[in-house]
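Have a look at data.csv below; it lists CSV, C-alpha atoms.
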chain,number,residue,atom,x,y,z
A,4,MET,CA,145.6,19.2,79.7
A,5,LYS,CA,142.9,17.4,77.8
A,6,ILE,CA,140.0,16.2,79.9
A,7,ASP,CA,139.0,12.6,79.0
A,8,GLY,CA,135.2,12.8,79.4
A,9,LYS,CA,134.8,9.3,78.0
A,10,ALA,CA,136.9,7.8,80.7
A,11,ILE,CA,135.1,9.7,83.5
A,12,ALA,CA,131.8,8.6,82.0
A,13,GLU,CA,132.9,4.9,82.0
A,14,THR,CA,133.4,5.0,85.8
A,15,ILE,CA,129.8,6.4,86.1
A,16,PHE,CA,128.4,3.6,83.9
A,17,THR,CA,130.2,0.9,85.9
A,18,ASP,CA,128.6,2.2,89.1
A,19,LEU,CA,125.2,2.5,87.5
A,20,THR,CA,125.4,-1.0,86.1
A,21,LYS,CA,125.8,-2.3,89.7
A,22,GLN,CA,122.9,-0.2,90.9
A,23,VAL,CA,120.6,-1.5,88.1
A,24,ALA,CA,121.6,-5.1,88.9
A,25,ILE,CA,120.3,-4.5,92.5
A,26,LEU,CA,117.1,-3.0,91.1
A,27,LYS,CA,116.5,-6.0,88.8
A,28,GLN,CA,116.7,-8.3,91.9
A,29,LYS,CA,113.6,-6.4,93.0
A,30,ASN,CA,111.9,-6.7,89.6
A,31,ILE,CA,112.6,-3.1,88.6
A,32,THR,CA,114.2,-2.5,85.2
A,33,PRO,CA,115.0,1.2,84.7
A,34,THR,CA,113.1,2.1,81.5
A,35,LEU,CA,113.5,5.2,79.4
A,36,ALA,CA,110.9,6.2,76.8
A,37,VAL,CA,111.8,8.8,74.1
A,38,ILE,CA,109.3,10.4,71.7
A,39,LEU,CA,110.6,12.0,68.5
A,40,VAL,CA,108.4,14.1,66.3
A,41,GLY,CA,109.7,14.0,62.8
A,42,ASP,CA,113.0,12.7,61.5
A,43,ASN,CA,115.7,15.3,62.4
A,44,PRO,CA,119.0,13.4,61.8
A,45,GLU,CA,120.8,15.1,64.7
A,46,SER,CA,117.9,14.1,67.1
A,47,LEU,CA,118.1,10.6,65.8
A,48,SER,CA,121.8,10.5,66.5
A,49,TYR,CA,121.3,11.7,70.1
A,50,ILE,CA,118.5,9.2,70.6
A,51,ARG,CA,120.8,6.3,69.5
A,52,GLN,CA,123.3,7.5,72.1
A,53,LYS,CA,120.6,7.4,74.8
A,54,GLN,CA,119.5,3.9,73.7
A,55,LYS,CA,123.1,2.6,73.7
A,56,ALA,CA,123.7,4.0,77.2
A,57,THR,CA,120.4,2.7,78.6
A,58,GLU,CA,121.1,-0.8,77.4
A,59,LYS,CA,124.7,-0.6,78.5
A,60,ILE,CA,123.7,-0.2,82.1
A,61,GLY,CA,121.1,-3.0,81.8
A,62,GLY,CA,118.0,-0.8,81.3
A,63,ARG,CA,115.2,-0.9,78.8
A,64,PHE,CA,114.7,1.6,76.0
A,65,ILE,CA,111.5,2.5,74.2
A,66,PHE,CA,111.6,4.7,71.1
A,67,GLU,CA,108.5,6.1,69.5
A,68,GLN,CA,108.8,8.2,66.3
A,69,ILE,CA,105.7,10.3,65.4
A,70,PRO,CA,105.2,11.9,62.0
A,71,LYS,CA,106.0,15.6,61.8
A,72,ALA,CA,102.6,16.3,60.4
A,73,SER,CA,100.9,15.0,63.6
A,74,LEU,CA,98.9,17.3,65.8
A,75,SER,CA,100.1,18.5,69.3
A,76,LYS,CA,97.2,16.7,70.9
A,77,GLU,CA,98.3,13.4,69.4
A,78,VAL,CA,101.8,13.7,70.9
A,79,THR,CA,100.3,14.8,74.2
A,80,ALA,CA,98.2,11.7,74.3
A,81,ARG,CA,101.3,9.6,73.9
A,82,VAL,CA,103.0,11.5,76.7
A,83,GLU,CA,100.1,10.9,79.0
A,84,MET,CA,100.1,7.2,78.2
A,85,TYR,CA,103.8,6.9,79.3
A,86,ASN,CA,103.1,9.1,82.3
A,87,ARG,CA,100.5,6.5,83.5
A,88,ASP,CA,102.7,3.5,82.8
A,89,PRO,CA,104.4,2.5,86.1
A,90,SER,CA,107.1,0.5,84.2
A,91,VAL,CA,108.4,3.6,82.5
A,92,HIS,CA,110.7,5.6,84.8
A,93,GLY,CA,112.1,8.3,82.4
A,94,LEU,CA,110.3,10.1,79.6
A,95,ILE,CA,111.7,12.5,77.1
A,96,VAL,CA,110.1,14.4,74.3
A,97,GLN,CA,113.1,15.0,72.1
A,98,ARG,CA,114.0,18.6,71.4
A,99,PRO,CA,113.7,20.5,69.2
A,100,LEU,CA,110.1,20.1,68.3
A,101,PRO,CA,108.8,21.2,64.9
A,102,SER,CA,107.9,24.9,64.8
A,103,HIS,CA,104.2,24.4,64.6
A,104,PHE,CA,104.0,22.4,67.9
A,105,ASP,CA,102.8,23.8,71.2
A,106,LEU,CA,105.9,23.9,73.4
A,107,SER,CA,103.7,23.2,76.4
A,108,ILE,CA,104.0,19.5,75.4
A,109,ASN,CA,107.3,19.4,77.2
A,110,GLU,CA,105.5,20.5,80.4
A,111,SER,CA,103.1,17.6,80.1
A,112,VAL,CA,105.8,15.1,81.1
A,113,ASP,CA,105.3,13.9,84.7
A,114,PRO,CA,108.0,15.7,86.8
A,115,LYS,CA,108.8,12.4,88.5
A,116,LYS,CA,109.8,11.0,85.0
A,117,ASP,CA,111.5,14.2,83.7
A,118,VAL,CA,115.0,12.8,83.6
A,119,ASP,CA,116.0,15.7,81.3
A,120,GLY,CA,115.3,18.1,84.1
A,121,PHE,CA,113.4,20.7,82.0
A,122,VAL,CA,109.9,20.5,83.4
A,123,THR,CA,108.9,23.0,86.0
A,124,ASN,CA,109.4,21.6,89.5
A,125,SER,CA,111.4,18.7,88.2
A,126,PRO,CA,113.3,16.9,90.9
A,127,PHE,CA,116.2,16.2,88.5
A,128,ASP,CA,119.1,18.4,87.6
A,129,VAL,CA,119.7,19.0,83.8
A,130,PRO,CA,122.2,16.4,82.6
A,131,ILE,CA,124.4,19.0,80.9
A,132,VAL,CA,124.7,20.9,84.2
A,133,MET,CA,125.6,17.7,86.0
A,134,ALA,CA,128.2,17.0,83.4
A,135,ILE,CA,129.9,20.4,83.8
A,136,PHE,CA,130.1,20.0,87.6
A,137,THR,CA,131.4,16.4,87.2
A,138,ILE,CA,134.2,17.7,85.0
A,139,LEU,CA,135.1,20.5,87.4
A,140,LYS,CA,135.1,18.1,90.4
A,141,HIS,CA,137.3,15.6,88.5
A,142,ILE,CA,140.0,18.2,87.8
A,143,GLY,CA,139.8,19.5,91.4
A,144,ILE,CA,138.4,23.0,90.6
A,145,THR,CA,136.1,24.8,93.0
A,146,LEU,CA,134.3,27.9,91.7
A,147,ASN,CA,134.9,30.1,94.6
A,148,ASN,CA,136.5,33.4,93.5
A,149,LYS,CA,136.6,32.2,89.9
A,150,LYS,CA,135.4,34.4,87.0
A,151,ILE,CA,133.2,32.3,84.8
A,152,VAL,CA,132.0,33.1,81.3
A,153,ILE,CA,129.2,31.3,79.5
A,154,VAL,CA,129.1,31.7,75.7
A,155,GLY,CA,125.5,31.3,74.4
A,156,ARG,CA,122.2,31.3,76.2
A,157,GLY,CA,120.2,28.5,74.5
A,158,GLU,CA,117.3,26.8,76.3
A,159,THR,CA,119.0,23.4,76.6
A,160,ALA,CA,122.6,24.4,77.6
A,161,GLY,CA,123.6,28.0,78.2
A,162,LYS,CA,120.4,29.0,80.1
A,163,PRO,CA,120.3,26.0,82.5
A,164,ILE,CA,124.1,26.2,83.1
A,165,ALA,CA,123.8,29.9,83.9
A,166,ALA,CA,120.9,29.3,86.2
A,167,ALA,CA,122.8,26.6,88.1
A,168,LEU,CA,125.8,28.9,88.5
A,169,ALA,CA,123.6,31.7,89.7
A,170,LYS,CA,122.1,29.4,92.3
A,171,ARG,CA,125.6,28.8,93.6
A,172,GLN,CA,126.3,32.5,93.6
A,173,CYS,CA,129.2,32.2,91.2
A,174,ALA,CA,130.6,35.3,89.4
A,175,THR,CA,129.2,34.6,85.9
A,176,SER,CA,129.1,36.6,82.7
A,177,ILE,CA,127.1,35.6,79.7
A,178,ILE,CA,128.1,36.3,76.1
A,179,TYR,CA,125.6,36.2,73.3
A,180,SER,CA,125.3,37.4,69.7
A,181,LYS,CA,124.8,41.1,70.6
A,182,THR,CA,127.6,41.3,73.2
A,183,SER,CA,129.9,44.0,72.0
A,184,ASN,CA,133.2,43.0,73.5
A,185,PRO,CA,133.2,39.2,73.7
A,186,ASN,CA,137.0,38.6,73.5
A,187,GLU,CA,137.7,41.2,76.2
A,188,ILE,CA,135.3,39.4,78.5
A,189,MET,CA,136.7,36.0,77.7
A,190,LYS,CA,140.3,37.3,78.3
A,191,ASP,CA,139.4,37.9,81.9
A,192,ALA,CA,137.8,34.5,82.5
A,193,ASP,CA,139.1,31.7,84.6
A,194,VAL,CA,136.5,29.2,83.2
A,195,ILE,CA,134.9,29.5,79.8
A,196,ILE,CA,131.9,27.3,79.0
A,197,SER,CA,131.0,27.6,75.4
A,198,CYS,CA,127.5,26.4,74.2
A,199,VAL,CA,127.2,27.8,70.7
A,200,GLY,CA,128.0,25.0,68.3
A,201,LYS,CA,129.9,27.1,65.6
A,202,GLN,CA,133.4,27.2,64.3
A,203,GLY,CA,135.8,29.6,66.0
A,204,VAL,CA,133.6,30.8,68.8
A,205,VAL,CA,136.6,30.7,71.2
A,206,THR,CA,140.1,31.4,69.9
A,207,GLY,CA,143.5,31.2,71.5
A,208,ASP,CA,144.1,35.0,71.4
A,209,ALA,CA,140.9,35.5,73.5
A,210,LEU,CA,142.2,33.4,76.4
A,211,LYS,CA,144.4,34.1,79.4
A,212,SER,CA,147.0,31.6,80.3
A,213,GLY,CA,145.7,28.8,82.5
A,214,ALA,CA,142.0,29.3,81.7
A,215,ILE,CA,139.8,26.2,81.8
A,216,LEU,CA,137.8,25.6,78.6
A,217,ILE,CA,134.7,23.4,78.3
A,218,SER,CA,133.0,23.1,75.0
A,219,VAL,CA,129.3,22.1,75.1
A,220,GLY,CA,128.6,23.3,71.6
A,221,ILE,CA,129.3,20.9,68.7
A,222,TRP,CA,129.2,21.3,65.0
A,223,ARG,CA,129.8,18.9,62.1
A,224,ALA,CA,132.2,19.8,59.3
A,225,GLU,CA,131.7,18.9,55.6
A,226,ASP,CA,133.8,15.8,56.1
A,227,GLY,CA,131.4,14.6,58.8
A,228,LYS,CA,133.8,15.1,61.7
A,229,LEU,CA,132.5,16.7,64.9
A,230,HIS,CA,134.2,19.8,66.3
A,231,GLY,CA,133.7,22.0,69.4
A,232,ASP,CA,133.5,25.8,69.8
A,233,TYR,CA,137.3,26.0,69.6
A,234,GLU,CA,140.1,24.2,67.8
A,235,GLU,CA,142.1,22.1,70.2
A,236,ASP,CA,145.4,22.8,68.6
A,237,ASP,CA,144.7,26.5,69.0
A,238,VAL,CA,144.1,26.4,72.8
A,239,ALA,CA,146.1,23.3,74.0
A,240,ASP,CA,149.2,25.4,75.0
A,241,ILE,CA,147.2,28.2,76.7
A,242,ALA,CA,144.5,26.4,78.6
A,243,SER,CA,145.3,24.5,81.8
A,244,PHE,CA,142.4,22.1,81.0
A,245,TYR,CA,140.1,21.7,78.1
A,246,THR,CA,137.5,19.3,76.9
A,247,PRO,CA,137.9,17.7,73.4
A,248,THR,CA,135.2,17.1,70.8
A,249,PRO,CA,134.3,14.3,70.6
A,250,GLY,CA,135.0,12.6,73.9
A,251,GLY,CA,134.6,15.5,76.2
A,252,VAL,CA,131.3,16.8,77.5
A,253,GLY,CA,129.1,14.5,75.4
A,254,PRO,CA,129.7,11.2,77.1
A,255,LEU,CA,129.2,12.8,80.5
A,256,ASN,CA,126.0,14.4,79.4
A,257,ILE,CA,124.6,10.9,78.5
A,258,ALA,CA,126.1,9.4,81.7
A,259,SER,CA,124.4,12.1,83.8
A,260,LEU,CA,121.1,11.3,82.0
A,261,MET,CA,121.5,7.7,83.0
A,262,GLN,CA,122.1,8.7,86.6
A,263,ASN,CA,118.8,10.5,86.6
A,264,LEU,CA,117.1,7.5,85.1
A,265,VAL,CA,118.4,5.1,87.7
A,266,LYS,CA,117.4,7.6,90.4
A,267,ALA,CA,113.9,7.8,89.0
A,268,ALA,CA,113.7,4.0,89.1
A,269,GLN,CA,114.9,3.9,92.6
A,270,ASN,CA,112.3,6.4,93.6
A,271,THR,CA,109.6,3.9,92.6
A,272,ARG,CA,110.5,1.4,95.3

As C-alpha cells, the full file:
Amino acid sequence: MKIDGKAIAETIFTDLTKQVAILKQKNITPTLAVILVGDNPESLSYIRQKQKATEKIGGRFIFEQIPKASLSKEVTARVEMYNRDPSVHGLIVQRPLPSHFDLSINESVDPKKDVDGFVTNSPFDVPIVMAIFTILKHIGITLNNKKIVIVGRGETAGKPIAAALAKRQCATSIIYSKTSNPNEIMKDADVIISCVGKQGVVTGDALKSGAILISVGIWRAEDGKLHGDYEEDDVADIASFYTPTPGGVGPLNIASLMQNLVKAAQNTR
C-alpha cells in the first residue's frame, strides 16, 4: 500500500497553523532564517520548499545567499548576527557547503535555533528522523522485534536515522558501498529505509513479501522527474507499505522542520 506522505503532512500543517495563530496573539511570529553559500540548484529547490512551508503556517522566512567565493569567517559573522537576533527562532546553514569551507560553521549555530537538529547538544530531533517515525506511527508499526535495514550512511539521512534507531535499541543493519551481500541482508529485513539517491538501489527481487519500504533518497531523471531508490511498480505487489517519490518522505521532512520551528518559537515565551 502506498503511503501518502503529503496527506499526513497536511494534518501537521493544519495543527501548526493553529499554534502559530496563538503565538501571533502574543506578538511572536515563528521566523526561519536560511543561509545559502553559492547557488547549488538542488539547495535552492529545498530552500523554496522551506519558504513555502514557513509561510503556509503563518511564519516569516528570511533567505540570505552568500557568494561561493566568500570566506568562512564572513559566513560565521552572518550566523552570529542571526544567533543574536531574538526575532529569529530557527537558523539553517544550508548543506552541502562548498568544499573549501570549514564545516565547523554548522556548529556555530545557536543550539536553541538549530531546527535542523545537527548541532552538538541540539534540543531538536533531526527532521528526517521525525518523518520516519511519523510514517511508522501512521501505519501502526512498532519496531519491537523488527529487523531494520538502512541503506546508506550519509551525514544528513542515513547516519542520524541509524543513531535514532540505535538509541531505541532496534535491531538495525547498515548497508553501504562496500557491503558485500546487500541483497541477502535486505531479503531478511522487515523495514528498509533507503537513503542513497540513485536508481535501482532496492529492487523487488531483494525483498521479502510484506516488507515496509521507505525511500529517503531521491534522484532526478533526464526528463526532470524525481524518483526514489526503488521503482514503485517493481515493489508495489511485494511490499506491505511503501513511500512514493515524490509525495512520500519529502513533505513530512518539511513538516517536521516546521514542528521544530514552532517549538523553538514557543520556547522563547

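For the choices A:Thr271, A:Pro185, A:Val37, A:Ala169, the atom-to-atom distance to Val112 in chain A is smallest for A:Val37 when using all atoms listed in the file.
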
Need the shell around range 133-147 of chain A: protein/DNA/RNA residues with any atom at most 10 Å away, counting all atoms listed in the file. Skip same-chain ones fewer than 4 positions apart. Format as a ChimeraX atom specification?
/A:4,6-8,11-12,127-129,151,164,167-168,171-174,193-194,196,215,217-219,244-246,251-260,262-263

Neighbours of Leu35 in chain A within 7 Å (all atoms listed in the file; same-chain residues fewer than 4 positions away dropped), as a PyMOL selection string?
chain A and resi 63-65+91-94

Can you tell me which residues surround Leu47 in chain A at a distance of at most 12 Å, considering all atoms listed in the file, apart from same-chain residues fewer than 5 positions away, and format the answer as a PyMOL selection string?
chain A and resi 37-42+52-54+66-68+97-99

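If you look at CA of Val265 in chain A and CA of Glu77 in chain A, they are 28.4 Å away from each other.
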
To one decimal place in Å, what is the distance between CA of Ser125 in chain A and CA of Pro163 in chain A?
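Separation of CA of Ser125 in chain A and CA of Pro163 in chain A: 12.8 Å.
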